[in-house]
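Chemist: Contents are mmCIF, N, CA and C atoms; file name protein24.cif:
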data_coords
#
loop_
_atom_site.label_atom_id
_atom_site.label_comp_id
_atom_site.auth_asym_id
_atom_site.auth_seq_id
_atom_site.Cartn_x
_atom_site.Cartn_y
_atom_site.Cartn_z
N MET A 1242 -5.06 27.66 33.67
CA MET A 1242 -4.31 27.33 32.46
C MET A 1242 -3.23 26.29 32.81
N THR A 1243 -3.05 25.36 31.91
CA THR A 1243 -2.08 24.29 32.14
C THR A 1243 -0.71 24.62 31.57
N GLY A 1244 -0.64 25.64 30.73
CA GLY A 1244 0.62 25.95 30.08
C GLY A 1244 0.81 25.15 28.80
N PHE A 1245 -0.16 24.33 28.50
CA PHE A 1245 -0.10 23.51 27.29
C PHE A 1245 -0.36 24.38 26.08
N SER A 1246 0.47 24.24 25.07
CA SER A 1246 0.24 24.99 23.83
C SER A 1246 0.59 24.09 22.64
N VAL A 1247 0.02 24.44 21.53
CA VAL A 1247 0.22 23.67 20.31
C VAL A 1247 0.73 24.62 19.23
N ALA A 1248 1.70 24.16 18.49
CA ALA A 1248 2.21 24.92 17.36
C ALA A 1248 1.78 24.20 16.09
N PRO A 1249 0.66 24.64 15.49
CA PRO A 1249 0.17 23.96 14.29
C PRO A 1249 1.22 23.86 13.18
N GLY A 1250 2.07 24.85 13.07
CA GLY A 1250 3.12 24.82 12.06
C GLY A 1250 4.10 23.68 12.29
N ASP A 1251 4.42 23.43 13.56
CA ASP A 1251 5.31 22.32 13.90
C ASP A 1251 4.65 20.98 13.61
N LEU A 1252 3.36 20.89 13.90
CA LEU A 1252 2.62 19.65 13.61
C LEU A 1252 2.57 19.42 12.10
N ALA A 1253 2.33 20.48 11.34
CA ALA A 1253 2.29 20.35 9.89
C ALA A 1253 3.66 19.94 9.34
N ALA A 1254 4.72 20.48 9.92
CA ALA A 1254 6.07 20.10 9.49
C ALA A 1254 6.34 18.62 9.79
N ALA A 1255 5.87 18.16 10.94
CA ALA A 1255 6.03 16.74 11.28
C ALA A 1255 5.25 15.87 10.30
N ALA A 1256 4.05 16.31 9.92
CA ALA A 1256 3.25 15.56 8.95
C ALA A 1256 3.97 15.48 7.60
N THR A 1257 4.59 16.58 7.20
CA THR A 1257 5.34 16.60 5.94
C THR A 1257 6.52 15.63 6.00
N SER A 1258 7.22 15.61 7.11
CA SER A 1258 8.36 14.69 7.27
C SER A 1258 7.90 13.23 7.23
N LEU A 1259 6.80 12.93 7.92
CA LEU A 1259 6.28 11.57 7.91
C LEU A 1259 5.80 11.17 6.53
N ASP A 1260 5.21 12.11 5.82
CA ASP A 1260 4.75 11.83 4.46
C ASP A 1260 5.93 11.51 3.55
N SER A 1261 7.02 12.25 3.72
CA SER A 1261 8.23 11.98 2.93
C SER A 1261 8.79 10.60 3.25
N ALA A 1262 8.77 10.25 4.53
CA ALA A 1262 9.25 8.92 4.93
C ALA A 1262 8.38 7.83 4.34
N ALA A 1263 7.06 8.05 4.32
CA ALA A 1263 6.14 7.07 3.74
C ALA A 1263 6.42 6.89 2.25
N GLU A 1264 6.66 7.98 1.56
CA GLU A 1264 6.95 7.89 0.13
C GLU A 1264 8.27 7.15 -0.12
N ALA A 1265 9.22 7.33 0.76
CA ALA A 1265 10.52 6.65 0.61
C ALA A 1265 10.36 5.14 0.75
N LEU A 1266 9.31 4.71 1.44
CA LEU A 1266 9.08 3.28 1.63
C LEU A 1266 8.30 2.65 0.48
N ALA A 1267 7.88 3.46 -0.47
CA ALA A 1267 7.13 2.95 -1.62
C ALA A 1267 8.13 2.43 -2.66
N VAL A 1268 8.73 1.31 -2.34
CA VAL A 1268 9.75 0.73 -3.22
C VAL A 1268 9.26 -0.58 -3.81
N GLN A 1269 9.77 -0.89 -4.96
CA GLN A 1269 9.52 -2.18 -5.58
C GLN A 1269 10.77 -3.03 -5.40
N LEU A 1270 10.62 -4.15 -4.74
CA LEU A 1270 11.77 -5.03 -4.58
C LEU A 1270 11.94 -5.85 -5.86
N PRO A 1271 13.15 -5.89 -6.36
CA PRO A 1271 13.37 -6.63 -7.61
C PRO A 1271 13.29 -8.14 -7.39
N THR A 1272 12.95 -8.84 -8.45
CA THR A 1272 12.99 -10.30 -8.43
C THR A 1272 14.44 -10.70 -8.65
N VAL A 1273 14.92 -11.60 -7.83
CA VAL A 1273 16.33 -11.99 -7.88
C VAL A 1273 16.42 -13.46 -8.26
N ASP A 1274 17.27 -13.75 -9.22
CA ASP A 1274 17.55 -15.14 -9.56
C ASP A 1274 18.88 -15.49 -8.89
N ALA A 1275 18.77 -16.19 -7.76
CA ALA A 1275 19.96 -16.48 -6.96
C ALA A 1275 20.53 -17.87 -7.22
N GLY A 1276 19.94 -18.59 -8.14
CA GLY A 1276 20.48 -19.92 -8.43
C GLY A 1276 19.48 -21.02 -8.18
N PRO A 1277 19.84 -21.99 -7.36
CA PRO A 1277 18.99 -23.16 -7.14
C PRO A 1277 17.58 -22.78 -6.66
N ASP A 1278 16.61 -23.63 -7.00
CA ASP A 1278 15.21 -23.34 -6.68
C ASP A 1278 14.98 -23.08 -5.20
N ARG A 1279 15.61 -23.87 -4.33
CA ARG A 1279 15.40 -23.68 -2.89
C ARG A 1279 15.87 -22.30 -2.45
N LEU A 1280 16.98 -21.85 -2.99
CA LEU A 1280 17.50 -20.53 -2.64
C LEU A 1280 16.57 -19.45 -3.19
N ASN A 1281 16.12 -19.62 -4.42
CA ASN A 1281 15.17 -18.65 -4.98
C ASN A 1281 13.88 -18.60 -4.17
N SER A 1282 13.41 -19.76 -3.71
CA SER A 1282 12.20 -19.81 -2.89
C SER A 1282 12.40 -19.06 -1.58
N ALA A 1283 13.56 -19.25 -0.97
CA ALA A 1283 13.86 -18.57 0.30
C ALA A 1283 13.94 -17.06 0.08
N ILE A 1284 14.59 -16.66 -0.99
CA ILE A 1284 14.71 -15.22 -1.27
C ILE A 1284 13.34 -14.63 -1.60
N ALA A 1285 12.53 -15.37 -2.33
CA ALA A 1285 11.18 -14.89 -2.65
C ALA A 1285 10.35 -14.73 -1.37
N ALA A 1286 10.46 -15.67 -0.45
CA ALA A 1286 9.72 -15.59 0.81
C ALA A 1286 10.21 -14.40 1.64
N PHE A 1287 11.52 -14.23 1.70
CA PHE A 1287 12.09 -13.10 2.44
C PHE A 1287 11.64 -11.78 1.81
N SER A 1288 11.68 -11.71 0.48
CA SER A 1288 11.26 -10.49 -0.22
C SER A 1288 9.79 -10.18 0.04
N ALA A 1289 8.95 -11.21 0.01
CA ALA A 1289 7.52 -11.01 0.27
C ALA A 1289 7.30 -10.50 1.69
N ASP A 1290 8.00 -11.08 2.65
CA ASP A 1290 7.87 -10.65 4.03
C ASP A 1290 8.35 -9.20 4.19
N THR A 1291 9.46 -8.89 3.56
CA THR A 1291 10.00 -7.52 3.63
C THR A 1291 9.03 -6.54 2.99
N ARG A 1292 8.49 -6.89 1.83
CA ARG A 1292 7.53 -6.03 1.14
C ARG A 1292 6.30 -5.80 2.03
N ASP A 1293 5.79 -6.85 2.67
CA ASP A 1293 4.63 -6.71 3.55
C ASP A 1293 4.93 -5.81 4.74
N THR A 1294 6.12 -5.98 5.31
CA THR A 1294 6.51 -5.16 6.46
C THR A 1294 6.65 -3.70 6.07
N LEU A 1295 7.31 -3.44 4.94
CA LEU A 1295 7.45 -2.05 4.48
C LEU A 1295 6.09 -1.44 4.17
N SER A 1296 5.20 -2.23 3.59
CA SER A 1296 3.86 -1.74 3.29
C SER A 1296 3.10 -1.40 4.56
N SER A 1297 3.25 -2.23 5.59
CA SER A 1297 2.59 -1.98 6.87
C SER A 1297 3.12 -0.71 7.53
N VAL A 1298 4.42 -0.54 7.52
CA VAL A 1298 5.02 0.67 8.09
C VAL A 1298 4.56 1.89 7.31
N ARG A 1299 4.55 1.78 5.99
CA ARG A 1299 4.11 2.89 5.14
C ARG A 1299 2.66 3.26 5.44
N SER A 1300 1.80 2.26 5.58
CA SER A 1300 0.39 2.51 5.90
C SER A 1300 0.25 3.21 7.26
N SER A 1301 1.05 2.79 8.22
CA SER A 1301 1.02 3.43 9.54
C SER A 1301 1.46 4.89 9.46
N LEU A 1302 2.48 5.15 8.67
CA LEU A 1302 2.94 6.54 8.51
C LEU A 1302 1.88 7.39 7.83
N ILE A 1303 1.25 6.84 6.80
CA ILE A 1303 0.19 7.58 6.11
C ILE A 1303 -0.96 7.87 7.05
N SER A 1304 -1.30 6.92 7.90
CA SER A 1304 -2.35 7.13 8.90
C SER A 1304 -1.95 8.23 9.88
N ALA A 1305 -0.70 8.21 10.32
CA ALA A 1305 -0.21 9.24 11.25
C ALA A 1305 -0.27 10.62 10.61
N VAL A 1306 0.06 10.70 9.33
CA VAL A 1306 -0.03 11.98 8.60
C VAL A 1306 -1.47 12.49 8.62
N GLY A 1307 -2.40 11.59 8.35
CA GLY A 1307 -3.81 11.99 8.38
C GLY A 1307 -4.24 12.50 9.74
N HIS A 1308 -3.80 11.82 10.79
CA HIS A 1308 -4.14 12.25 12.15
C HIS A 1308 -3.50 13.59 12.49
N LEU A 1309 -2.26 13.77 12.09
CA LEU A 1309 -1.61 15.06 12.36
C LEU A 1309 -2.30 16.19 11.60
N ASN A 1310 -2.64 15.96 10.34
CA ASN A 1310 -3.33 16.99 9.57
C ASN A 1310 -4.69 17.31 10.17
N ALA A 1311 -5.40 16.29 10.64
CA ALA A 1311 -6.70 16.53 11.29
C ALA A 1311 -6.52 17.32 12.59
N THR A 1312 -5.45 17.04 13.31
CA THR A 1312 -5.16 17.77 14.54
C THR A 1312 -4.87 19.24 14.24
N VAL A 1313 -4.06 19.48 13.22
CA VAL A 1313 -3.77 20.86 12.82
C VAL A 1313 -5.06 21.58 12.47
N ASP A 1314 -5.91 20.94 11.66
CA ASP A 1314 -7.17 21.56 11.27
C ASP A 1314 -8.05 21.84 12.48
N SER A 1315 -8.10 20.91 13.42
CA SER A 1315 -8.92 21.06 14.61
C SER A 1315 -8.44 22.23 15.47
N TYR A 1316 -7.14 22.30 15.70
CA TYR A 1316 -6.61 23.40 16.50
C TYR A 1316 -6.80 24.74 15.79
N THR A 1317 -6.59 24.76 14.50
CA THR A 1317 -6.77 26.01 13.75
C THR A 1317 -8.23 26.46 13.82
N ASP A 1318 -9.16 25.53 13.61
CA ASP A 1318 -10.58 25.86 13.70
C ASP A 1318 -10.95 26.35 15.09
N SER A 1319 -10.41 25.68 16.11
CA SER A 1319 -10.69 26.07 17.50
C SER A 1319 -10.15 27.46 17.80
N ASP A 1320 -8.93 27.74 17.34
CA ASP A 1320 -8.36 29.07 17.56
C ASP A 1320 -9.18 30.15 16.86
N THR A 1321 -9.61 29.85 15.65
CA THR A 1321 -10.42 30.82 14.90
C THR A 1321 -11.75 31.08 15.60
N ALA A 1322 -12.40 30.01 16.04
CA ALA A 1322 -13.67 30.17 16.74
C ALA A 1322 -13.51 30.94 18.04
N THR A 1323 -12.45 30.66 18.76
CA THR A 1323 -12.19 31.37 20.02
C THR A 1323 -11.92 32.84 19.77
N ALA A 1324 -11.14 33.14 18.75
CA ALA A 1324 -10.84 34.53 18.42
C ALA A 1324 -12.12 35.28 18.06
N ARG A 1325 -13.02 34.64 17.35
CA ARG A 1325 -14.30 35.30 16.99
C ARG A 1325 -15.13 35.61 18.23
N ARG A 1326 -15.11 34.72 19.20
CA ARG A 1326 -15.89 34.93 20.42
C ARG A 1326 -15.37 36.11 21.24
N PHE A 1327 -14.08 36.39 21.14
CA PHE A 1327 -13.49 37.47 21.92
C PHE A 1327 -13.61 38.83 21.23
N ARG A 1328 -14.12 38.84 20.04
CA ARG A 1328 -14.26 40.13 19.33
C ARG A 1328 -15.45 40.90 19.81
#
Show me, as structure tokens, the structure contained in the file I just sent.

Modeler:
Amino acid sequence: MTGFSVAPGDLAAAATSLDSAAEALAVQLPTVDAGPDRLNSAIAAFSADTRDTLSSVRSSLISAVGHLNATVDSYTDSDTATARRFR
């Protein structure tokens, strides 16, 4: 035995936290009229870049949630199967 153990409840709690963080990133950036066209263009470019970055981070968090949930399911299924074999 390696001493390695998994707490599916802790993994599920981590998945819930990451899911909440992903939802917090689901924001709509407002359109801003900052004055001269060049300034508006710069702000629009910055906003688009920020929106893309937030979307990428959100997608990564959602993917991590899926992996954590799959891990919880896998460990739970493995524990159940092992318990049945010992009966």

Chemist: Taking only N, CA and C atoms into account, which of A:Ile1284, A:Leu1309, A:Val1273, A:Ala1322 comes nearest Leu1252 in chain A?

Modeler: A:Leu1309

Chemist: Return as AutoDock Vina command-line options the box centre and box size in Å, one decimal, for an axis-aligned box around all listed atoms of range 1285-1304 of chain A padded by 8 Å per side.

Modeler:
--center_x 5.1 --center_y -3.7 --center_z 3.6 --size_x 30.9 --size_y 39.9 --size_z 28.5

Chemist: For the structure shown, which residues end up in the PyMOL selection byres (((chain A and resi 1249 and name CA) around 10) and name CA)? Put them as JSON, numbers by chain, please?

Modeler: {"A": [1246, 1247, 1248, 1250, 1251, 1252, 1253, 1254, 1255, 1309, 1310, 1312, 1313, 1314, 1315, 1316, 1317]}

Chemist: Expressed in Å to a single decimal, how great is the separation between CA of Ser1300 in chain A and atom C of Ala1263 in chain A?

Modeler: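 So the answer is 8.3 Å.
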
Chemist: Separation of atom C of Phe1287 in chain A and atom C of Ser1301 in chain A, in Å?

Modeler: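 Distance reported for this atom pair: 21.0 Å.
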
Chemist: Between atom C of Asp1290 in chain A and CA of Gln1269 in chain A, measure the distance and give it in Å to one decimal.

Modeler: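 The value is 12.1 Å.
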